[in-house]
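Novice: Dropping a structure here in structure tokens format, bear with me for questions.
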2 protein chains.
Amino acid sequence: MITRRKMMGGAVAAGLMASPLAAAVRFDRRKRGFDITLAGGGVVPVFVDADDFPGVRRAASDLAADIGRVTGTAAQVVGDRARLPARIILVGSIGHSPLIDRLIASGKLDVAGIRGKWESFVVETIANPLPGVTEALVIVGSDKRGAIYGAYDLSRMIGVSPWYWWADVPVVRQTHLSVANGRYVQGSPAVKYRGIFLNDEAPCLSGWTTEKFGGMNAQFYGKLFELLLRLRANYLWPAMWNNAFAIDDPANAPLAEEFGIVMGTSHHEPMMRAHKEWTDNRKDYGNGAWNYATNGPAVAKFFREGIVRNHDNEVIVTIGMRGDGDVALESTGGIQSDVKLLEGIITDQRRIIASGMGKPAEQVPQVWVLFTEVYKYYDAGLKIPDDVTLMLADDNVGNLRRLPTPAERSRKGGFGVYFHMDMHGGPFAYQWVNSNPLPKIWEQMNLANQYGANEMWIANVGDLKPLELPIEFFLAMAWNPADVAKDKIADWTRAWAERQFGPEHATEIAFLAARYAKYNGMRKPEQLKPTTFSLEHYHEAERMCEAWTDLVRRADAVNAALRPDQRDAFYQLVLYPVRACANLMLMYAAAARNARFAEQTRASTKAEADEVRRRFKYDHELRDTYNHVLAGGKWNHMMDQTHIGYFDWYPPESDIMPAVADLDLDGATGFGVSVDGSARAWPGYYLPPTLPTLDSITRLPTYLDVFPRGLAEAPVTVTVDQPWVKIREGKAFSASSRDKRFWIDVDWAKAPVGKAKATITVKGDTTITVRLDAVRATPQQEKDARDAFGGLAGGFAVPVAEFTRSIPVGNVRWDTIPDFGRVETAMSIFPVDAPSFPDPTRAPRLEYPIFLAAAGKYRVDLVTGPTLEVIPGRKLRVAVWLDGQQPEIGTVFTPEDGPSQDFLGAKHAVNTADNARTMRFTIDADRPGRHVLTVAMIDPTMVVQAIAIANDDPKASYFGPPILDTRPAKLGRPVSPWAIVRS
Amino acid sequence: MITRRKMMGGAVAAGLMASPLAAAVRFDRRKRGFDITLAGGGVVPVFVDADDFPGVRRAASDLAADIGRVTGTAAQVVGDRARLPARIILVGSIGHSPLIDRLIASGKLDVAGIRGKWESFVVETIANPLPGVTEALVIVGSDKRGAIYGAYDLSRMIGVSPWYWWADVPVVRQTHLSVANGRYVQGSPAVKYRGIFLNDEAPCLSGWTTEKFGGMNAQFYGKLFELLLRLRANYLWPAMWNNAFAIDDPANAPLAEEFGIVMGTSHHEPMMRAHKEWTDNRKDYGNGAWNYATNGPAVAKFFREGIVRNHDNEVIVTIGMRGDGDVALESTGGIQSDVKLLEGIITDQRRIIASGMGKPAEQVPQVWVLFTEVYKYYDAGLKIPDDVTLMLADDNVGNLRRLPTPAERSRKGGFGVYFHMDMHGGPFAYQWVNSNPLPKIWEQMNLANQYGANEMWIANVGDLKPLELPIEFFLAMAWNPADVAKDKIADWTRAWAERQFGPEHATEIAFLAARYAKYNGMRKPEQLKPTTFSLEHYHEAERMCEAWTDLVRRADAVNAALRPDQRDAFYQLVLYPVRACANLMLMYAAAARNARFAEQTRASTKAEADEVRRRFKYDHELRDTYNHVLAGGKWNHMMDQTHIGYFDWYPPESDIMPAVADLDLDGATGFGVSVDGSARAWPGYYLPPTLPTLDSITRLPTYLDVFPRGLAEAPVTVTVDQPWVKIREGKAFSASSRDKRFWIDVDWAKAPVGKAKATITVKGDTTITVRLDAVRATPQQEKDARDAFGGLAGGFAVPVAEFTRSIPVGNVRWDTIPDFGRVETAMSIFPVDAPSFPDPTRAPRLEYPIFLAAAGKYRVDLVTGPTLEVIPGRKLRVAVWLDGQQPEIGTVFTPEDGPSQDFLGAKHAVNTADNARTMRFTIDADRPGRHVLTVAMIDPTMVVQAIAIANDDPKASYFGPPILDTRPAKLGRPVSPWAIVRS
């Protein structure tokens with residue numbers, strides 16, 4: 001087991017972040033405790049000492065205002081120690097509030113649990129604490145931010161969301177407000193520095209700040225600092241796209257210090273300076289080259305100025321150096337000379353830090369960010385001082401690239417993580433709405449935490465606004481990972497929803513917020529193409545459309561049921577992304593059908609083109625509502641991000657309507673037929689139409705579509721030559737109601753056992769005959785297949801959580817990650833830092849019952865998470881085998897495969913777009929019937945999402961064969977993209 | 001040298017086929033000779049004996065009618081030997097016309113030159129040939145078809161085109177008609193059986209025959225037989241898509257015999273039966289399986305019926321057997337047992353032929369067609385009787401797959417070729433207009449002829465109609481290859497045009513007919529996509545559009561200048577394909593721009609979508625004119641073939657308009673800039689705009705486009721910071737006149753020597769600065785580059801015919817093929833059956849002077865023809881090297897590469913779509929300056945079209961760097977797709 005920071009705080013919590021006050025705040029007059037509301041109206045005043053930190057005073061003042069938001073009467077803020085009211089809320093930090101110190105000295109306040117600790121606090125109700133004071137609610141911080149977090153914790157618990165301003169979350173008015181008598185202790189956070197990075201901040205955040213504040217000035221940053229502190233964050237990398245924090249508004253940096261925010265600069269901007277400061281003024285610096293080798297003294301001067309002006313500020317200094325702008329360092333010619341140059345730069349930087357700050361460099365927090373190419377210098381042996389934090393960057397798409405080895409973990413500066421929820425760069429940009437499902441964030445950040453990369457966590461959050469939920473989750477996890485452990489994520493999300501919208505719709509809202517992000521996580525909206533999901537296999541595109549349509553229906557229902565004052569918040573947090581993402585999927589599906597229908601000579605080709613046009617227009621209507629109608633236009637520009645029609649890694653300059661084809665229907669007549677499983681149509685295609693084989697075990701139905709080819713009606717009759725085939729007319733997956741679908745199913749009781757053939761005849765002005773094969777299981781096959789996965793024809797999926805046996809080895813075991821990736825439940829190895837098990841037959845493993853209709857070879861696709869080689873040089877391995885056969889070991893990151901699988905490699909681009917990696921195995925069944933498929937761990941950090949088994953060329957589709965939801969209880973449930981509900 | 005049939009006939013000829021009468025027919029009253037027109041009006045009668053072959057009598061009768069078409073008075077046809085007029089045109093065949101035989105016997109007619117020869121004839125003017133006859137024009141055939149061809153030869157020479165009915169070619173009325181006194185001898189054809197195959201005959205030919213004749217009956221076939229004989233063809237494979245020649249109209253087969261057409265059946269229909277006869281009646285034959293292994297006796301019965309009913313007909317029996325329909329034979333399990341089965345089938349077939357025909361099988365012409373998979377049985381050792389002709393099929397796209405080896409050439413039955421000018425099958429279908437440039441047909445059929453595959457030539461001509469020119473060329477070449485030798489093709493085409501349209505516009509019409517086919521040969525219309533030609537490099541798409549537009553302009557001008565009665569013929573032979581193919585190219589270019597402009601956020605995106613819609617509509621208008629207006633609707637359905645929107649190898653069921661994208665211009669403003677060489681636009685793209693480097697040697701200009709992004713005007717000023725840069729405003733390659741192009745050129749006299757930089761500033765509501773690099777040659781560079789190919793920047797092309805030295809070895813040499821492929825002149829090895837030269841330094845070779853601006857490695861792409869491995873087991877090799885360096889040998893058809901390069905392999909698909917194969921070499925220049933590039937033969941049958949040299953990643957384009965047409969004489973010439981005319 002690796003050594004890791006002791007988790008602190010974290011009583012069982014269903015709050016956004018666990019709050020020790022979670023159960024203490026009461027709105028019921030009949031419950032006894034410290035009453036904040038007074039019987040005769042009015043509220044208890046808040047005392048904060050004039051000598052306390054300005055940030056603490058500001059938080060106390062915000063608490064007083066928040067009490068007003070809840071009760072209608074703002075609390076008075078008082079600071080005169082000589083004139084204390086009889087009942088007070090006392091806010092302060094140890095050592096900076098004489099009253100607090102007096103209470104401690106007098107033994108009335110016990111701070112033993114927090115004294116000297118980082119950012120912790122105690123809230124306690126004390127009777128007769130001070131002369132003349134009969135009752136006090138004391139909020140005491142171990143330090144500045146401890147007190148601030150304590151004050152904001154009470155705010156949150158009385159019902160003021162951190163997002164009250166940033167997402168227009170309404171505050172529920174209460175007539176009574178009290179805190180149950182008692183002592184409430186909040187320990188230190190798991191991660192010392194927790195923050196965000198405003199990056200890729202145009203066009204949304206930039207446009208919005210320009211309109212609303214006149215730029216990224218102190219007015220704007222004040223709003224942001226307050227949000228961060230309410231979310232218990234402490235660290236910020238400011239916006240840097242043509243922005244310079246310290247220069248754009250000279251009040252910015254002092255304001256951060258006043259609030260108590262630790263400022264840094266981004267991964268590529270060393271020494272507390274924005275790169276824009278260099279580009280705007282490079283002529284003042286030597287030869288103007290951002291090159292330490294050729295312009296060292298001038299660059300050093302630029303560095304020194306950045307440090308000196310932050311002499312009085314709490315900062316974390318980014319050190320090292322990259323190229324001119326957010327690009328790689330200009331090489332001196334070889335890796336070793338580059339390493340030498342960088343070591344020299346860092347030595348100089350530390351000298352400058354020490355002299356500029358007036359204290360030893362070891363006493364100033366510093367970070368060196370291993371971003372993109374920077375890893376190579378570290379791998380090449382670059383020596384970095386032990387007190388500097390090494391911040392490990394992910395792959396820009398939320399997959400960690402590196403974790404500390406046991407040997408590295410002892411370093412004093414520790415490790416941090418730079419994580420992306422938004423990216424403008426390779427492998428592809430995603431800058432629109434949230435596409436970061438929380439279980440995915442948890443899975444990767446849990447690795448970071450368990451492997452000891454928990455000194456600093458920073459998330460790139462783009463324009464901030466559409467990422468409210470994952471930002472809060474990330475910060476909650478940084479504070480206390482145990483609060484959001486994998487099995488608690490749904491509860492946490494529900495509690496989050498309850499904080500914003502009250503209990504009545506919280507479950508549904510949490511579902512919606514999680515689900516739209518999950519669908520976006522299956523493939524980011526920016527990576528969607530008309531061809532992403534299969535039109536012809538497994539109803540795949542149709543199931544995606546149904547899933548999104550269902551989400552819209554549910555979101556609309558919640559919206560209608562909410563109070564009017566809640567709808568602005570609901571629109572921005574849930575309704576807009578649900579509607580807009582659903583619309584996007586439906587638009588791409590219409591574009592796909594338009595192209596396909598043109599090939600099939602369907603008259604409805606034009607209807608699909610119109611549908612694409614309509615949905616393209618609707619996308620902009622939704623955007624305009626966000627920008628201009630929502631909260632009276634408060635968020636104008638926040639939804640300016642283009643998101644339709646990507647043709648390269650970066651977003652298009654303007655949304656591009658998917659191209660649509662057209663047919664010339666002049667003179668066209670008659671009807672056409674298309675069938676499940678084929679892109680072709682008849683009359684026309686030269687091979688005869690054949691439906692997928694139906695079988696009595698999977699019992700899936702199939703279909704054929706009949707459609708007019710001209711403007712005139714083309715009536716047909718559909719008949720079948722076998723009594724055991726059932727035909728039911730339905731609606732085709734089409735924008736036109738003129739396209740009919742005929743569902744074909746088998747009455748298995750009547751069908752002959754074994755293989756049987758039927759012919760379906762579609763008769764109109766011409767006649768098309770469609771072949772159907774059906775296989776009914778023998779009694780022995782039925783017995784063998786019972787409760788096993790598989791069928792008599794075609795590929796099938798095995799739901800990974802539905803194993804019959806899980807064999808642990810010691811404490812190492814496969815365990816579930818609910819709601820991960822494409823599926824309802826994924827499986828991974830716990831603990832995540834378990835050792836490897838080179839012999840799979842003696843490794844932790846899972847056994848699945850499968851039914852194979854025939855002997856022979858089958859291919860097994862293990863769909864895993866796209867995790868990277870986080871332990872340098874270690875491969876990612878897993879083994880699969882059938883019955884007692886020889887295990888086949890699948891290996892990623894072999895010397896041959898590694899460069900392609902790794903960051904920015906060809907397979908990495910595919911894996912990250914798919915948010916999955918497929919590993920292919922072969923099994924060879926010596927006989928038909930029931931078998932056991934075993935999946936065994938070799939290395940940890942492998943997540944298995946799905947297993948697909950096929951005995952022939954599998955049908956091309958995005959997800960592969962769907963899981964068949966055959967349980968009666970699931971029938972009638974909304975269709976999931978990963979499951980087909982049997983009709 | 002290989003032995004080959006002696007070429008006969010073929011005096012220098014500028015006729016469609018060389019005619020011995022070419023210079024003999026006169027329309028000038030003052031020239032003396034045998035006058036066909038009588039002084040007092042009327043014409044000389046045509047005598048044909050009642051005992052002569054019906055086909056001869058029919059041809060004589062057609063000649064009489066043709067005289068009427070020319071003079072206004074049809075000649076009388078007389079047959080009464082007892083009442084001969086004083087002057088006669090006497091038509092007959094030796095041994096079947098008593099008058100002819102009498103003339104021979106009397107010594108007045110000398111047939112020594114043709115007697116006993118195949119299909120030859122003599123035309124002679126004889127004074128006082130017979131009692132009471134003062135003057136005769138005798139047309140005497142060595143055999144039936146000799147006489148027929150003689151009669152039709154006179155028809156052609158007096159001005160009745162073989163296409164007078166089939167292409168509505170008007171006959172020019174003459175008041176005087178005479179034949180210069182003399183003896184005119186036509187020898188035998190080079191290829192014994194010359195014919196066509198009506199295949200892939202739906203929807204056009206089928207629809208047309210149904211409407212005009214009620215099916216493919218004798219009425220239709222009579223028209224066809226006449227055409228074939230007028231073209232000196234003798235062999236036909238009849239239509240077989242749901243057609244059965246002998247059954248559809250019982251009069252068909254007797255009519256063929258009567259005309260003198262040798263009937264066969266297609267490559268996959270053995271024993272004179274249509275496959276439809278089997279599919280319609282299979283229940284009457286044993287178990288109904290088209291399988292000799294399981295249903296042999298019944299299949300043999302089917303075979304026997306086919307032979308017996310042709311007992312009295314001149315036929316060529318296709319033998320062997322393929323699968324059920326035009327597919328491969330169903331295997332018996334292994335190649336050796338399949339060979340055994342096929343040998344048994346052929347043995348049985350020959351027994352049936354002998355008994356059915358009542359003569360030894362060796363006396364009945366038979367053919368075994370090596371089509372697609374059939375080669376493998378032959379290669380596996382299948383024994384085929386020596387008298388059977390082996391017909392070698394091409395790769396469906398006009399590239400021969402196999403030629404006889406010296407050892408094989410001795411076989412008695414010889415070899416034939418099955419050639420495609422139209423295909424419905426792999427690698428892709430092409431069934432619309434002519435895409436077979438004559439030089440390409442020549443190049444491949446010359447191989448066939450020189451390698452002795454000249455017993456039978458048959459061309460798959462689809463629906464026949466849009467392929468008039470290549471059909472006639474193919475048959476002319478089959479008659480006498482010398483008539484159409486590579487350097488005579490242009491003259492032949494001009495003469496063909498003159499026969500159809502008279503001398504005035506013949507040169508221009510020949511150019512148009514050749515040129516549209518050449519462009520279609522560069523890439524078949526069916527294989528065009530919006531992305532085929534580069535929008536951003538070398539103005540490639542634009543040059544193709546200009547080339548096509550120029551062709552339309554010229555065709556329109558000819559059309560306006562022609563007589564009204566010539567316009568129907570001109571429309572179908574030239575104007576329709578020129579307009580429709582040009583429109584197709586322009587439509588795809590608009591679709592390409594639509595997609596690109598959307599990415600560039602150009603307001604003109606919509607204009608391009610409109611342009612696509614307009615051109616899609618225009619395509620159907622042109623089609624409708626062909627079908628409904630042309631010749632009063634005579635050719636309705638002949639242009640029914642879909643040809644837009646291929647998505648698989650076969651044609652779409654309906655034309656599909658290319659998909660077009662759209663932008664939302666609501667609120668869009670300002671302007672954008674795009675630059676030559678880039679697909680991107682600014683503002684927007686993250687890297688700065690940079691133009692291709694200009695250099696003083698190639699002297700090409702470059703450009704930038706400026707376009708509005710919204711509906712409002714967005715005026716800009718374009719300025720440059722260097723006095724040596726010239727800017728000229730022009731028209732952008734855009735459907736919108738709002739898009740401006742600014743041409744950027746350098747005043748080299750003013751530019752500094754060496755590298756220089758300039759910045760072009762586009763200023764409007766924002767400012768975009770575009771970088772330009774220019775390189776001016778030093779005096780030494782100028783000297784080195786003089787008359788060499790190359791430049792100071794970027795890749796360049798070497799025109800292969802512009803070598804400075806061609807070094808032959810003995811009689812083996814590189815020689816030109818004019819107008820071949822993508823270029824004006826290609827180079828190949830002659831004689832084509834030369835031996836290989838394993839040592840390239842001692843092989844025939846070409847030397848080119850090239851100028852390389854820098855030392856280092858360059859890649860050399862040799863663009864060759866897509867020729868296949870026609871000699872089994874021989875590779876295709878060529879060598880390239882620089883100066884005195886080590887030659888690099890390029891090899892196609894290595895064991896590794898062969899399967900992909902061969903028929904239906906992956907590279908074969910690319911090569912045939914490109915109609916080119918690119919072979920890549922590397923050269924390493926040890927110094928900058930002038931060098932010699934050598935290209936040396938190793939194997940014959942290699943055609944080199946172009947050489948492209950690049951020192952970095954070449955720019956992606958279809959053709960590669962264009963040839964720079966720098967000769968002053970070429971300036972102002974129409975722009976060719978393969979050349980950029982320097983402005």
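In the structure tokens, the first chain shown is A, the next is B, and so on; residue numbers restart at 1 for each chain, and ligands run from 1 in the order shown.
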Select from chain A every residue with an atom at most 8 Å from any atom of chain B, then for each give the shortest pair of atoms and their distance in Å to one decimal, using only C-alpha atoms, rows by chain and rising number, as a Markdown table.
Specialist:
| residue | atom | partner | partner_atom | distance |
| --- | --- | --- | --- | --- |
| A:Ala595 | CA | B:Ala659 | CA | 7.8 |
| A:Ala598 | CA | B:Ile656 | CA | 6.2 |
| A:Glu599 | CA | B:Pro652 | CA | 6.5 |
| A:Gln600 | CA | B:Glu653 | CA | 7.4 |
| A:Thr601 | CA | B:Ser654 | CA | 6.1 |
| A:Lys617 | CA | B:Asp664 | CA | 7.9 |
| A:Phe647 | CA | B:Glu599 | CA | 7.5 |
| A:Pro652 | CA | B:Glu599 | CA | 6.5 |
| A:Glu653 | CA | B:Gly684 | CA | 6.0 |
| A:Ser654 | CA | B:Thr601 | CA | 6.0 |
| A:Asp655 | CA | B:Leu663 | CA | 6.6 |
| A:Ile656 | CA | B:Leu663 | CA | 5.3 |
| A:Met657 | CA | B:Asp662 | CA | 5.0 |
| A:Pro658 | CA | B:Ala661 | CA | 5.4 |
| A:Ala659 | CA | B:Ala661 | CA | 3.7 |
| A:Val660 | CA | B:Ala659 | CA | 4.2 |
| A:Ala661 | CA | B:Ala659 | CA | 3.8 |
| A:Asp662 | CA | B:Met657 | CA | 5.0 |
| A:Leu663 | CA | B:Ile656 | CA | 5.3 |
| A:Asp664 | CA | B:Asp655 | CA | 7.3 |
| A:Gly684 | CA | B:Glu653 | CA | 6.0 |
Novice: Which residues are near A:Ala497? Cut-off 12 Å, only C-alpha atoms, ignore same chain within fewer than 5 positions. Put them as an NGL selection string.
Specialist: :A and (14-16 or 161 or 163 or 169 or 468-469 or 472 or 490-492 or 502-514 or 566 or 569-570 or 573-574)
Novice: For the residues selected in the previous step, produce a file with C-alpha atoms as a PDB file, in the first residue's frame.
Specialist:
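Output file result35.pdb follows:
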ATOM      1  CA  ALA A  14     -24.832  14.499   1.383  1.00  0.00           C
ATOM      2  CA  GLY A  15     -23.865  18.103   0.913  1.00  0.00           C
ATOM      3  CA  LEU A  16     -22.117  19.614  -2.045  1.00  0.00           C
ATOM      4  CA  SER A 161     -25.823  28.362  -2.940  1.00  0.00           C
ATOM      5  CA  TRP A 163     -23.954  29.680  -7.346  1.00  0.00           C
ATOM      6  CA  VAL A 169     -29.927  29.926  -7.904  1.00  0.00           C
ATOM      7  CA  GLU A 468     -20.741  24.539 -12.804  1.00  0.00           C
ATOM      8  CA  LEU A 469     -21.382  20.936 -11.774  1.00  0.00           C
ATOM      9  CA  GLU A 472     -17.988  21.865  -7.846  1.00  0.00           C
ATOM     10  CA  ALA A 490     -25.230   9.775  -7.428  1.00  0.00           C
ATOM     11  CA  ASP A 491     -26.153  10.775  -3.880  1.00  0.00           C
ATOM     12  CA  TRP A 492     -23.766  13.691  -4.036  1.00  0.00           C
ATOM     13  CA  GLY A 502     -35.034  22.029  -3.286  1.00  0.00           C
ATOM     14  CA  PRO A 503     -35.912  18.424  -2.530  1.00  0.00           C
ATOM     15  CA  GLU A 504     -39.030  17.946  -4.642  1.00  0.00           C
ATOM     16  CA  HIS A 505     -37.336  17.499  -8.054  1.00  0.00           C
ATOM     17  CA  ALA A 506     -33.802  16.880  -6.816  1.00  0.00           C
ATOM     18  CA  THR A 507     -33.625  13.233  -7.868  1.00  0.00           C
ATOM     19  CA  GLU A 508     -34.871  13.972 -11.338  1.00  0.00           C
ATOM     20  CA  ILE A 509     -32.676  17.042 -11.770  1.00  0.00           C
ATOM     21  CA  ALA A 510     -29.621  15.124 -10.602  1.00  0.00           C
ATOM     22  CA  PHE A 511     -30.469  12.397 -13.084  1.00  0.00           C
ATOM     23  CA  LEU A 512     -30.788  14.929 -15.897  1.00  0.00           C
ATOM     24  CA  ALA A 513     -27.578  16.761 -15.009  1.00  0.00           C
ATOM     25  CA  ALA A 514     -25.640  13.505 -14.766  1.00  0.00           C
ATOM     26  CA  GLN A 566     -36.026  28.694 -10.370  1.00  0.00           C
ATOM     27  CA  ALA A 569     -30.998  28.490 -12.859  1.00  0.00           C
ATOM     28  CA  PHE A 570     -32.591  25.397 -14.339  1.00  0.00           C
ATOM     29  CA  LEU A 573     -27.622  24.240 -15.345  1.00  0.00           C
ATOM     30  CA  VAL A 574     -29.832  21.634 -17.044  1.00  0.00           C
TER      31      VAL A 574
END
Novice: Please compute the atom CA of B:Ile139-atom CA of B:Leu90 distance, one decimal, in Å.
Specialist: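 Atom-to-atom, atom CA of B:Ile139 and atom CA of B:Leu90 are spaced 6.0 Å apart.
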Novice: Enumerate as a count of residues only all residues of stretch 313-435 of chain A assigned to alpha helix (DSSP H) by DSSP on the backbone, naming them with the chain letters and numbers the document uses.
Specialist: 28
Novice: Write out as a count of residues only the residues lying within 8 Å of stretch 236-242 of chain B, counting only C-alpha atoms and excluding same-chain residues fewer than 5 positions away.
Specialist: 18
Novice: Neighbours of A:Gly929 within 6 Å (only C-alpha atoms; same-chain residues fewer than 3 positions away dropped), as a list of chain:residue names?
Specialist: A:Asp784, A:Phe851, A:Leu852, A:Ala853
Novice: Need to verify the contact set: B:Lys465, 9 Å, only C-alpha atoms, exclusion of same-chain residues closer than 5 positions in sequence. Can you return it as a ChimeraX atom specification?
Specialist: /B:166-167,204-205,433,572,638-639
Novice: For the selection you just gave me, I'd like the residues written to a file as a PDB file, in the first residue's frame, keeping C-alpha atoms.
Specialist:
ATOM      1  CA  TRP B 166     -27.324   6.093 -85.316  1.00  0.00           C
ATOM      2  CA  ALA B 167     -26.081   9.623 -84.739  1.00  0.00           C
ATOM      3  CA  CYS B 204     -30.659   3.413 -71.546  1.00  0.00           C
ATOM      4  CA  LEU B 205     -30.574   0.929 -74.401  1.00  0.00           C
ATOM      5  CA  VAL B 433     -20.632   9.174 -71.513  1.00  0.00           C
ATOM      6  CA  GLN B 572     -25.049  13.769 -79.239  1.00  0.00           C
ATOM      7  CA  MET B 638     -30.628   6.875 -74.196  1.00  0.00           C
ATOM      8  CA  MET B 639     -29.479   9.343 -71.543  1.00  0.00           C
TER       9      MET B 639
END
Novice: Grab the atom CA of B:Ala751 to atom CA of B:Lys857 distance for me, in Å with one decimal place.
Specialist: 28.8 Å
Novice: At a cut-off of 6 Å, using only C-alpha atoms, what residues contact stretch 937-951 of chain B? Leave out same-chain residues fewer than 3 positions from it and give the result as a PyMOL selection string.
Specialist: chain B and resi 795-798+800+826-829+832+836-838+843-844+858-865+876-878+954
Novice: Run DSSP on the backbone and give me the residues of stretch 436-538 of chain B it puts in strand (DSSP E), as JSON, numbers by chain.
Specialist: {"B": [456, 457, 458, 459, 460]}
Novice: With all heavy atoms retained, write the just-selected residues as a compact mmCIF listing (two decimals), in the first residue's frame.
Specialist:
# COMPACT_ATOMS: atom_id res chain seq x y z
N MET B 456 -9.44 -12.24 -82.18
CA MET B 456 -10.78 -11.67 -81.94
C MET B 456 -10.62 -10.49 -80.98
O MET B 456 -9.94 -10.61 -79.97
CB MET B 456 -11.69 -12.67 -81.21
CG MET B 456 -11.93 -13.97 -81.91
SD MET B 456 -12.91 -15.07 -80.85
CE MET B 456 -12.91 -16.55 -81.86
N TRP B 457 -11.24 -9.39 -81.30
CA TRP B 457 -11.31 -8.26 -80.37
C TRP B 457 -12.78 -7.93 -80.16
O TRP B 457 -13.53 -7.73 -81.14
CB TRP B 457 -10.63 -7.01 -80.95
CG TRP B 457 -9.13 -7.04 -80.92
CD1 TRP B 457 -8.31 -8.08 -80.58
CD2 TRP B 457 -8.27 -5.94 -81.26
NE1 TRP B 457 -6.99 -7.73 -80.70
CE2 TRP B 457 -6.92 -6.41 -81.11
CE3 TRP B 457 -8.48 -4.63 -81.69
CZ2 TRP B 457 -5.82 -5.59 -81.37
CZ3 TRP B 457 -7.37 -3.82 -81.94
CH2 TRP B 457 -6.05 -4.29 -81.77
N ILE B 458 -13.13 -7.84 -78.92
CA ILE B 458 -14.51 -7.44 -78.66
C ILE B 458 -14.51 -6.37 -77.57
O ILE B 458 -13.74 -6.45 -76.61
CB ILE B 458 -15.38 -8.66 -78.30
CG1 ILE B 458 -16.85 -8.37 -78.56
CG2 ILE B 458 -15.16 -9.13 -76.86
CD1 ILE B 458 -17.65 -9.56 -78.97
N ALA B 459 -15.33 -5.37 -77.77
CA ALA B 459 -15.38 -4.25 -76.81
C ALA B 459 -16.75 -4.20 -76.16
O ALA B 459 -17.78 -4.23 -76.85
CB ALA B 459 -15.09 -2.93 -77.51
N ASN B 460 -16.72 -4.12 -74.84
CA ASN B 460 -17.95 -3.90 -74.09
C ASN B 460 -18.30 -2.42 -74.24
O ASN B 460 -17.53 -1.55 -73.81
CB ASN B 460 -17.72 -4.26 -72.62
CG ASN B 460 -18.98 -4.20 -71.81
OD1 ASN B 460 -19.80 -3.31 -71.98
ND2 ASN B 460 -19.13 -5.16 -70.91
